[in-house]
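Just data.cif here, mmCIF, C-alpha atoms:
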```cif
data_run
loop_
_atom_site.label_atom_id
_atom_site.label_comp_id
_atom_site.auth_asym_id
_atom_site.auth_seq_id
_atom_site.Cartn_x
_atom_site.Cartn_y
_atom_site.Cartn_z
CA MET I 86 22.65 -14.46 116.33
CA ALA I 87 24.74 -14.48 119.50
CA SER I 88 27.91 -13.99 117.50
CA GLU I 89 26.29 -11.07 115.67
CA GLY I 90 25.34 -9.50 119.00
CA VAL I 91 28.87 -9.92 120.31
CA GLY I 92 30.26 -8.43 117.10
CA SER I 93 27.88 -5.48 117.28
CA SER I 94 28.76 -4.87 120.94
CA GLN I 95 32.46 -5.02 120.09
CA SER I 96 32.02 -2.50 117.25
CA TRP I 97 30.28 -0.04 119.59
CA LYS I 98 33.15 -0.46 122.05
CA ASP I 99 35.57 0.33 119.23
CA VAL I 100 33.64 3.50 118.43
CA TYR I 101 33.49 4.83 121.96
CA ARG I 102 37.04 3.78 122.80
CA GLY I 103 38.17 6.81 120.79
CA MET I 104 36.48 9.20 123.23
CA SER I 105 39.12 9.80 125.88
CA SER I 106 38.32 11.05 129.38
CA ASP I 107 39.80 14.43 128.48
CA ASN I 108 37.56 14.67 125.42
CA ILE I 109 34.50 13.83 127.55
CA LYS I 110 35.42 16.56 130.04
CA GLY I 111 35.80 19.00 127.19
CA LEU I 112 32.44 17.90 125.77
CA VAL I 113 30.57 18.52 129.05
CA LEU I 114 32.22 21.90 129.56
CA ALA I 115 31.45 22.95 125.98
CA LEU I 116 27.77 22.01 126.34
CA SER I 117 27.50 24.04 129.56
CA SER I 118 29.23 26.94 127.84
CA SER I 119 26.73 26.96 124.97
CA ILE I 120 23.77 27.14 127.34
CA PHE I 121 25.13 30.22 129.13
CA ILE I 122 26.30 31.94 125.94
CA GLY I 123 23.03 31.31 124.12
CA ALA I 124 21.04 32.90 126.94
CA SER I 125 23.48 35.81 127.21
CA PHE I 126 22.72 36.93 123.64
CA ILE I 127 19.11 37.58 124.62
CA VAL I 128 19.83 39.28 127.95
CA LYS I 129 22.42 41.54 126.32
CA LYS I 130 20.06 42.40 123.46
CA LYS I 131 17.37 43.40 125.98
CA GLY I 132 19.94 45.55 127.74
CA LEU I 133 21.03 47.17 124.46
CA LYS I 134 17.44 47.99 123.53
CA LYS I 135 16.76 49.47 126.96
CA ALA I 136 19.95 51.54 126.83
CA ALA I 137 19.12 52.79 123.32
CA ALA I 138 15.86 54.27 124.62
CA SER I 139 17.79 56.74 126.79
CA GLY I 140 21.10 57.12 124.99
CA VAL I 141 23.06 56.61 121.77
CA ARG I 142 22.75 53.14 120.25
CA ALA I 143 25.81 50.88 120.17
CA GLY I 144 25.21 50.33 116.46
CA VAL I 145 26.06 53.98 115.73
CA GLY I 146 28.99 54.26 118.12
CA GLY I 147 27.29 54.82 121.47
CA TYR I 148 28.34 53.25 124.77
CA SER I 149 25.30 54.01 126.94
CA TYR I 150 24.80 50.25 127.37
CA LEU I 151 27.76 50.28 129.79
CA PHE I 152 25.48 51.99 132.32
CA GLU I 153 22.63 49.48 131.86
CA PRO I 154 22.50 46.76 134.60
CA LEU I 155 20.64 44.32 132.34
CA TRP I 156 23.46 44.44 129.80
CA TRP I 157 25.95 43.62 132.55
CA VAL I 158 23.82 40.63 133.62
CA GLY I 159 24.10 39.38 130.05
CA MET I 160 27.82 40.05 130.03
CA ILE I 161 28.34 38.13 133.29
CA THR I 162 26.31 35.23 131.86
CA MET I 163 28.50 35.27 128.77
CA ILE I 164 31.66 35.37 130.90
CA VAL I 165 30.50 32.26 132.79
CA GLY I 166 29.95 30.55 129.46
CA GLU I 167 33.33 31.68 128.16
CA VAL I 168 35.05 30.40 131.30
CA ALA I 169 33.49 26.97 130.72
CA ASN I 170 34.53 27.22 127.09
CA PHE I 171 38.03 28.22 128.17
CA ALA I 172 38.29 25.12 130.34
CA ALA I 173 36.94 22.93 127.53
CA TYR I 174 39.80 23.92 125.20
CA ALA I 175 42.31 22.79 127.81
CA PHE I 176 40.96 19.22 127.60
CA ALA I 177 39.76 18.75 124.02
CA PRO I 178 40.78 19.84 120.50
CA ALA I 179 39.13 22.88 118.94
CA ILE I 180 37.50 20.71 116.27
CA LEU I 181 35.46 19.02 119.04
CA VAL I 182 34.74 22.05 121.25
CA THR I 183 33.95 24.79 118.75
CA PRO I 184 31.12 23.12 116.75
CA LEU I 185 29.15 22.61 119.97
CA GLY I 186 28.38 26.31 119.80
CA ALA I 187 25.43 25.17 117.65
CA LEU I 188 23.53 24.65 120.89
CA SER I 189 23.85 28.37 121.64
CA ILE I 190 22.20 29.07 118.27
CA ILE I 191 19.17 27.04 119.24
CA ILE I 192 18.89 28.62 122.68
CA SER I 193 19.27 32.17 121.38
CA ALA I 194 16.88 31.63 118.45
CA VAL I 195 14.16 30.10 120.64
CA LEU I 196 14.53 32.71 123.38
CA ALA I 197 14.54 35.50 120.77
CA HIS I 198 11.26 34.09 119.45
CA ILE I 199 9.71 33.96 122.94
CA ILE I 200 11.20 37.01 124.68
CA LEU I 201 12.19 39.43 121.92
CA ARG I 202 9.31 38.37 119.63
CA GLU I 203 11.68 37.84 116.72
CA ARG I 204 9.85 35.35 114.54
CA LEU I 205 11.27 31.85 114.08
CA HIS I 206 9.72 29.97 111.15
CA THR I 207 9.16 26.21 111.10
CA PHE I 208 12.06 25.91 108.68
CA GLY I 209 14.14 27.84 111.18
CA ILE I 210 13.43 25.08 113.69
CA LEU I 211 14.55 22.57 111.07
CA GLY I 212 17.70 24.64 110.62
CA CYS I 213 18.40 24.39 114.35
CA ALA I 214 17.97 20.61 114.14
CA LEU I 215 20.43 20.41 111.25
CA CYS I 216 22.96 22.40 113.28
CA VAL I 217 22.68 19.86 116.09
CA VAL I 218 22.99 16.85 113.75
CA GLY I 219 26.05 18.34 112.09
CA SER I 220 27.68 19.11 115.43
CA ILE I 221 27.09 15.57 116.71
CA THR I 222 28.64 14.17 113.54
CA ILE I 223 31.76 16.27 114.08
CA VAL I 224 31.99 15.40 117.78
CA LEU I 225 31.80 11.65 117.14
CA HIS I 226 34.70 11.82 114.70
CA ALA I 227 36.85 14.44 116.44
CA PRO I 228 40.59 13.74 116.85
CA GLN I 229 42.26 13.05 120.16
CA GLU I 230 43.89 15.96 121.96
CA ARG I 231 47.55 16.50 121.09
CA GLU I 232 49.97 15.61 123.87
CA ILE I 233 51.75 18.80 124.96
CA GLU I 234 54.17 19.01 127.89
CA SER I 235 55.02 22.73 127.90
CA VAL I 236 53.56 26.05 126.76
CA THR I 237 56.76 26.57 124.80
CA GLU I 238 55.63 23.73 122.51
CA VAL I 239 52.46 25.67 121.77
CA TRP I 240 54.53 28.79 121.07
CA ASP I 241 56.69 26.81 118.64
CA LEU I 242 53.52 25.69 116.83
CA ALA I 243 52.23 29.28 116.73
CA THR I 244 55.46 30.62 115.24
CA GLU I 245 55.68 28.15 112.38
CA PRO I 246 55.51 29.85 108.94
CA ALA I 247 52.06 28.49 108.04
CA PHE I 248 50.33 29.87 111.14
CA LEU I 249 52.27 33.14 111.05
CA PHE I 250 50.97 33.64 107.50
CA TYR I 251 47.40 32.90 108.67
CA ALA I 252 47.71 35.33 111.60
CA ALA I 253 49.07 38.06 109.32
CA MET I 254 46.16 37.58 106.92
CA VAL I 255 43.64 37.75 109.78
CA ILE I 256 45.11 40.95 111.22
CA THR I 257 45.36 42.64 107.81
CA THR I 258 41.80 41.71 106.82
CA SER I 259 40.40 42.84 110.17
CA LEU I 260 42.10 46.24 109.92
CA VAL I 261 40.81 46.76 106.38
CA LEU I 262 37.26 45.90 107.49
CA ILE I 263 37.41 48.15 110.57
CA PHE I 264 38.88 51.26 108.93
CA HIS I 265 37.55 51.03 105.36
CA TYR I 266 34.34 49.00 105.12
CA LEU I 267 32.61 49.34 108.51
CA PRO I 268 32.19 53.14 108.39
CA GLN I 269 30.39 52.83 105.03
CA TYR I 270 28.56 49.50 105.19
CA GLY I 271 28.42 48.47 108.87
CA GLN I 272 24.78 49.54 109.30
CA THR I 273 23.49 47.67 106.23
CA HIS I 274 25.68 44.55 105.85
CA ILE I 275 25.94 42.14 108.76
CA MET I 276 28.95 40.30 107.36
CA PHE I 277 31.38 43.13 108.16
CA TYR I 278 30.68 43.23 111.91
CA ILE I 279 30.56 39.44 112.13
CA GLY I 280 33.64 39.12 109.94
CA VAL I 281 35.77 41.12 112.37
CA CYS I 282 34.41 39.15 115.36
CA SER I 283 35.09 35.81 113.69
CA LEU I 284 38.55 36.59 112.32
CA VAL I 285 39.80 37.96 115.63
CA GLY I 286 37.98 35.17 117.46
CA SER I 287 39.94 32.46 115.66
CA LEU I 288 43.17 33.92 117.02
CA SER I 289 41.71 34.31 120.51
CA VAL I 290 40.69 30.63 120.61
CA MET I 291 44.22 29.50 119.75
CA SER I 292 45.59 31.72 122.53
CA VAL I 293 42.89 30.61 124.97
CA LYS I 294 43.82 27.00 124.27
CA ALA I 295 47.48 27.80 124.94
CA ILE I 296 46.61 29.44 128.28
CA GLY I 297 44.31 26.54 129.19
CA ILE I 298 47.08 24.05 128.53
CA ALA I 299 49.49 26.17 130.59
CA LEU I 300 47.10 26.29 133.55
CA LYS I 301 46.35 22.57 133.32
CA LEU I 302 50.06 21.75 133.37
CA THR I 303 50.66 24.22 136.22
CA LEU I 304 47.94 22.61 138.34
CA SER I 305 49.49 19.20 137.67
CA GLY I 306 52.81 20.37 139.12
CA MET I 307 54.65 21.75 136.07
CA ASN I 308 54.68 25.52 136.53
CA GLN I 309 54.13 27.27 133.19
CA LEU I 310 53.66 30.78 134.63
CA ILE I 311 57.42 31.31 134.62
CA TYR I 312 57.49 31.30 130.81
CA PRO I 313 57.02 34.64 128.98
CA GLN I 314 55.05 32.80 126.29
CA THR I 315 52.20 32.24 128.75
CA TRP I 316 51.85 35.98 129.35
CA ALA I 317 52.21 36.76 125.65
CA PHE I 318 49.24 34.50 124.92
CA THR I 319 47.35 36.20 127.76
CA MET I 320 47.84 39.65 126.23
CA ILE I 321 46.68 38.38 122.84
CA VAL I 322 43.51 36.98 124.43
CA ILE I 323 42.70 40.27 126.19
CA VAL I 324 43.09 42.34 123.01
CA CYS I 325 41.09 39.87 120.91
CA ILE I 326 38.21 39.55 123.39
CA ILE I 327 37.83 43.33 123.76
CA THR I 328 37.69 43.65 119.96
CA GLN I 329 35.20 40.80 119.64
CA MET I 330 32.85 42.17 122.30
CA ASN I 331 32.87 45.66 120.79
CA TYR I 332 31.84 44.56 117.30
CA LEU I 333 29.51 41.82 118.50
CA ASN I 334 27.61 44.46 120.50
CA LYS I 335 27.28 46.58 117.36
CA ALA I 336 26.01 43.58 115.38
CA LEU I 337 23.45 42.63 118.05
CA ASP I 338 22.21 46.21 118.35
CA THR I 339 21.82 46.65 114.58
CA PHE I 340 20.57 43.30 113.31
CA ASN I 341 18.14 40.53 114.21
CA THR I 342 19.48 38.27 116.99
CA ALA I 343 18.15 35.13 115.30
CA VAL I 344 20.34 35.99 112.30
CA VAL I 345 23.43 37.31 114.13
CA SER I 346 23.85 34.15 116.21
CA PRO I 347 23.95 31.54 113.38
CA ILE I 348 26.06 33.64 111.02
CA TYR I 349 28.53 34.41 113.78
CA TYR I 350 28.60 30.73 114.71
CA VAL I 351 29.32 29.56 111.15
CA MET I 352 32.07 32.09 110.46
CA PHE I 353 33.65 31.75 113.89
CA THR I 354 33.59 27.95 113.77
CA SER I 355 34.95 27.79 110.22
CA LEU I 356 37.86 30.09 110.96
CA THR I 357 38.61 28.46 114.31
CA ILE I 358 38.73 24.99 112.79
CA LEU I 359 40.96 26.32 110.01
CA ALA I 360 43.29 27.95 112.55
CA SER I 361 43.39 24.77 114.64
CA VAL I 362 44.15 22.60 111.62
CA ILE I 363 47.00 24.92 110.66
CA MET I 364 48.45 25.43 114.14
CA PHE I 365 47.84 22.10 115.92
CA LYS I 366 47.74 19.95 112.75
CA ASP I 367 44.60 18.16 113.96
CA TRP I 368 43.98 16.40 110.66
CA ASP I 369 47.47 14.87 110.65
CA ARG I 370 46.21 12.46 113.34
CA GLN I 371 43.12 11.36 111.38
CA ASN I 372 42.38 9.15 108.40
CA PRO I 373 40.61 10.47 105.25
CA THR I 374 37.27 8.92 106.26
CA GLN I 375 37.19 10.83 109.55
CA ILE I 376 38.13 14.09 107.85
CA VAL I 377 35.45 13.70 105.16
CA THR I 378 32.84 12.84 107.80
CA GLU I 379 33.76 15.96 109.79
CA LEU I 380 33.43 18.06 106.63
CA CYS I 381 30.01 16.51 105.93
CA GLY I 382 28.95 17.38 109.46
CA PHE I 383 30.07 20.94 108.94
CA VAL I 384 28.17 21.21 105.64
CA THR I 385 25.09 20.02 107.54
CA ILE I 386 25.59 22.88 110.01
CA LEU I 387 25.95 25.33 107.13
CA SER I 388 22.67 24.04 105.69
CA GLY I 389 20.95 24.64 109.01
CA THR I 390 22.22 28.19 109.30
CA PHE I 391 21.22 28.85 105.68
CA LEU I 392 17.66 27.84 106.55
CA LEU I 393 17.68 30.11 109.60
CA HIS I 394 18.86 33.00 107.47
CA LYS I 395 16.49 32.53 104.51
CA THR I 396 13.38 32.06 106.66
CA LYS I 397 14.04 34.90 109.12
CA ASP I 398 11.13 37.01 107.76
CA MET I 399 8.74 34.16 106.97
CA VAL I 400 5.68 33.41 109.10
CA ASP I 401 3.67 30.22 109.45
CA GLY I 402 0.20 30.13 107.97
CA PRO I 403 -1.38 31.17 104.63
CA PRO I 404 0.91 33.22 102.38
CA MET I 405 0.25 36.95 102.31
CA LEU I 406 -0.45 38.74 99.02
CA PRO I 407 2.61 41.01 99.03
CA VAL I 408 5.74 39.09 98.15
CA ARG I 409 8.02 41.77 99.61
CA LEU I 410 7.55 43.61 102.85
CA PRO I 411 6.18 47.15 102.41
CA LYS I 412 8.39 50.13 103.01
CA HIS I 413 8.53 51.34 106.58
CA THR I 414 10.67 53.79 108.44
CA ASP I 415 12.26 52.47 111.61
CA GLU I 416 11.93 55.47 113.90
CA GLU I 417 14.51 54.19 116.31
CA ASP I 418 17.14 53.48 113.67
CA GLY I 419 16.24 56.15 111.12
CA PHE I 420 16.64 53.79 108.16
CA GLY I 421 14.15 52.66 105.54
CA GLN I 422 13.25 48.98 105.77
CA GLU I 423 13.43 48.07 102.11
CA GLY I 424 16.87 47.63 100.66
CA ILE I 425 18.56 46.99 103.99
CA PRO I 426 19.18 43.23 104.27
CA LEU I 427 19.01 41.42 107.58
CA LYS I 428 17.76 44.54 109.37
CA ARG I 429 15.90 43.87 112.60
CA GLN I 430 12.12 43.82 112.37
CA ASP I 431 11.14 45.63 115.57
CA SER I 432 9.45 48.51 113.75
CA LEU I 433 7.19 46.15 111.79
CA ARG I 434 5.72 44.75 114.99
CA SER I 435 5.00 48.14 116.56
#
```
Please render this file's structure as structure tokens.
Amino acid sequence: MASEGVGSSQSWKDVYRGMSSDNIKGLVLALSSSIFIGASFIVKKKGLKKAAASGVRAGVGGYSYLFEPLWWVGMITMIVGEVANFAAYAFAPAILVTPLGALSIIISAVLAHIILRERLHTFGILGCALCVVGSITIVLHAPQEREIESVTEVWDLATEPAFLFYAAMVITTSLVLIFHYLPQYGQTHIMFYIGVCSLVGSLSVMSVKAIGIALKLTLSGMNQLIYPQTWAFTMIVIVCIITQMNYLNKALDTFNTAVVSPIYYVMFTSLTILASVIMFKDWDRQNPTQIVTELCGFVTILSGTFLLHKTKDMVDGPPMLPVRLPKHTDEEDGFGQEGIPLKRQDSLRS
């Protein structure tokens, strides 16, 4: 029995030995980031709704929300979360940091249920739990951070043919969505707004990680600000974040927050992990078992978000006679309810 206890203790030491101090710092920063970002979704949505009452909605091209103090409170909250997220990428690989955004799904879904009165079904709660379980699975099997001694190394990784091809595909797809599909389908199909945010976001994360590494090395005594690559990554981040915020605002103003958050999380996380695998070759430092376990964790997260999506209009209690919701006209939006998927349900509660 004693030998079994010693063996068990040794196995646990072997498991946790893989979690470096840098990975732990990244983990703590990522968790803090998710709390702030999850809350910011709700504050910004409240600001968007308040601004829409006295101006043109963001979902149809308006920018009256820029004069709404509540929206700016949400934006500041999100910036705090993004700063923590920024710091997390400097210490840990994207495969560890990005999936922890699942916590922001839970926070935003619960707060939307309480504050915005957007219904969250029991199965939606189960979906949140699955997101957490999947994220923990990924975190426990995440690779160690790659040792990088200069921002020029990151630039070399970013200019390899494989990642250049990925970046070209992302830019091309985003432009096609923005100029061809969004004008026609942006108000009725959530995937177009979220698609632009997620595609551009995957590039911004890679650039954010490069800047984070540059700042970390600079603070340790190796000045990286003298390299033009550092400022090139900075410009990419600025352009990407402005694009993300614009289309995320449109998605939040047009669709249900409890649906926007998980779909955005899944697409953003998937594309970020793909970009990280291509650029930083994260999976080259792992064995097949770790990779398969990470994929299983991600499938678990997908299952959770699927539950959140499919149960967005369900309510607890005895089933109602009508299988489909009756037709209504949303006075604020000017769209019929039936036939518009994922549309927010504010008019049904009025």
Inset, instruction - Grab the CA of Ser235 (chain I) to CA of Trp316 (chain I) distance for me, in Å with one decimal place. - result: 13.7 Å
Legend entry - Atomic distance CA of Val236 (chain I) - CA of Ile256 (chain I), expressed in Å with one decimal: 23.1 Å
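Atom pair CA of Asn341 (chain I) / CA of Glu203 (chain I): separated by 7.4 Å.
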Inset, instruction - Specify as a PyMOL selection string each residue included when the PyMOL selection byres ((chain I and resi 121-123) around 12) is applied to this file. - result: chain I and resi 114-120+124-130+158-170+185-197+342-343+345-347+350
Inset, instruction - For the file shown, report as a list in words the outcome of the PyMOL selection byres ((chain I and resi 298-313) around 9) at residue level. - result: Ala172, Tyr174, Ala175, Phe176, Ile233, Glu234, Ser235, Val236, Thr237, Val239, Val293, Lys294, Ala295, Ile296, Gly297, Gln314, Thr315, Trp316, Ala317 and Phe318 of chain I
Inset, instruction - Name the residues in contact with Pro178 (chain I) at a cut-off of 12 Å, using only C-alpha atoms, excluding same-chain residues fewer than 6 positions from it; report them as a PyMOL selection string. - result: chain I and resi 104-105+107-112+115+170-172+184-185+223-224+226-233+290-291+293-295+297-298+357-358+360-362+364-368+370
Determine the residue membership of the PyMOL selection byres ((chain I and resi 393) around 10) for the file above and supply it as a PDB file with C-alpha atoms, in the coordinates of the input.
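Result file follows (selection.pdb):
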```
ATOM      1  CA  ILE I 190      22.200  29.070 118.270  1.00  0.00           C
ATOM      2  CA  ALA I 194      16.880  31.630 118.450  1.00  0.00           C
ATOM      3  CA  LEU I 205      11.270  31.850 114.080  1.00  0.00           C
ATOM      4  CA  HIS I 206       9.720  29.970 111.150  1.00  0.00           C
ATOM      5  CA  THR I 207       9.160  26.210 111.100  1.00  0.00           C
ATOM      6  CA  PHE I 208      12.060  25.910 108.680  1.00  0.00           C
ATOM      7  CA  GLY I 209      14.140  27.840 111.180  1.00  0.00           C
ATOM      8  CA  ILE I 210      13.430  25.080 113.690  1.00  0.00           C
ATOM      9  CA  LEU I 211      14.550  22.570 111.070  1.00  0.00           C
ATOM     10  CA  GLY I 212      17.700  24.640 110.620  1.00  0.00           C
ATOM     11  CA  CYS I 213      18.400  24.390 114.350  1.00  0.00           C
ATOM     12  CA  ALA I 343      18.150  35.130 115.300  1.00  0.00           C
ATOM     13  CA  VAL I 344      20.340  35.990 112.300  1.00  0.00           C
ATOM     14  CA  SER I 346      23.850  34.150 116.210  1.00  0.00           C
ATOM     15  CA  PRO I 347      23.950  31.540 113.380  1.00  0.00           C
ATOM     16  CA  ILE I 348      26.060  33.640 111.020  1.00  0.00           C
ATOM     17  CA  LEU I 387      25.950  25.330 107.130  1.00  0.00           C
ATOM     18  CA  SER I 388      22.670  24.040 105.690  1.00  0.00           C
ATOM     19  CA  GLY I 389      20.950  24.640 109.010  1.00  0.00           C
ATOM     20  CA  THR I 390      22.220  28.190 109.300  1.00  0.00           C
ATOM     21  CA  PHE I 391      21.220  28.850 105.680  1.00  0.00           C
ATOM     22  CA  LEU I 392      17.660  27.840 106.550  1.00  0.00           C
ATOM     23  CA  HIS I 394      18.860  33.000 107.470  1.00  0.00           C
ATOM     24  CA  LYS I 395      16.490  32.530 104.510  1.00  0.00           C
ATOM     25  CA  THR I 396      13.380  32.060 106.660  1.00  0.00           C
ATOM     26  CA  LYS I 397      14.040  34.900 109.120  1.00  0.00           C
ATOM     27  CA  ASP I 398      11.130  37.010 107.760  1.00  0.00           C
TER      28      ASP I 398
END
```
Excluding Gly382 (chain I) and any residue of its chain fewer than 3 positions from it, enumerate the residues within 7 Å of it, using all atoms listed in the file, and give them as a CSV table (one decimal) with C-alpha atoms, in the frame of the given file.
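See out_24.csv below for the written result:
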```
chain,number,residue,atom,x,y,z
I,219,GLY,CA,26.0,18.3,112.1
I,220,SER,CA,27.7,19.1,115.4
I,222,THR,CA,28.6,14.2,113.5
I,223,ILE,CA,31.8,16.3,114.1
I,378,THR,CA,32.8,12.8,107.8
I,379,GLU,CA,33.8,16.0,109.8
I,385,THR,CA,25.1,20.0,107.5
I,386,ILE,CA,25.6,22.9,110.0
```
Inset, instruction - Could you check which of I:Ala138, I:Met276, I:Ile326, I:Val384 is closest to Tyr349 (chain I), using only C-alpha atoms? - result: I:Met276
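Proximity to Ala137 (chain I) was assessed for I:Thr328, I:Thr339, I:Gln269, I:Thr257 counting all atoms listed in the file; the smallest distance is recorded for I:Thr339.
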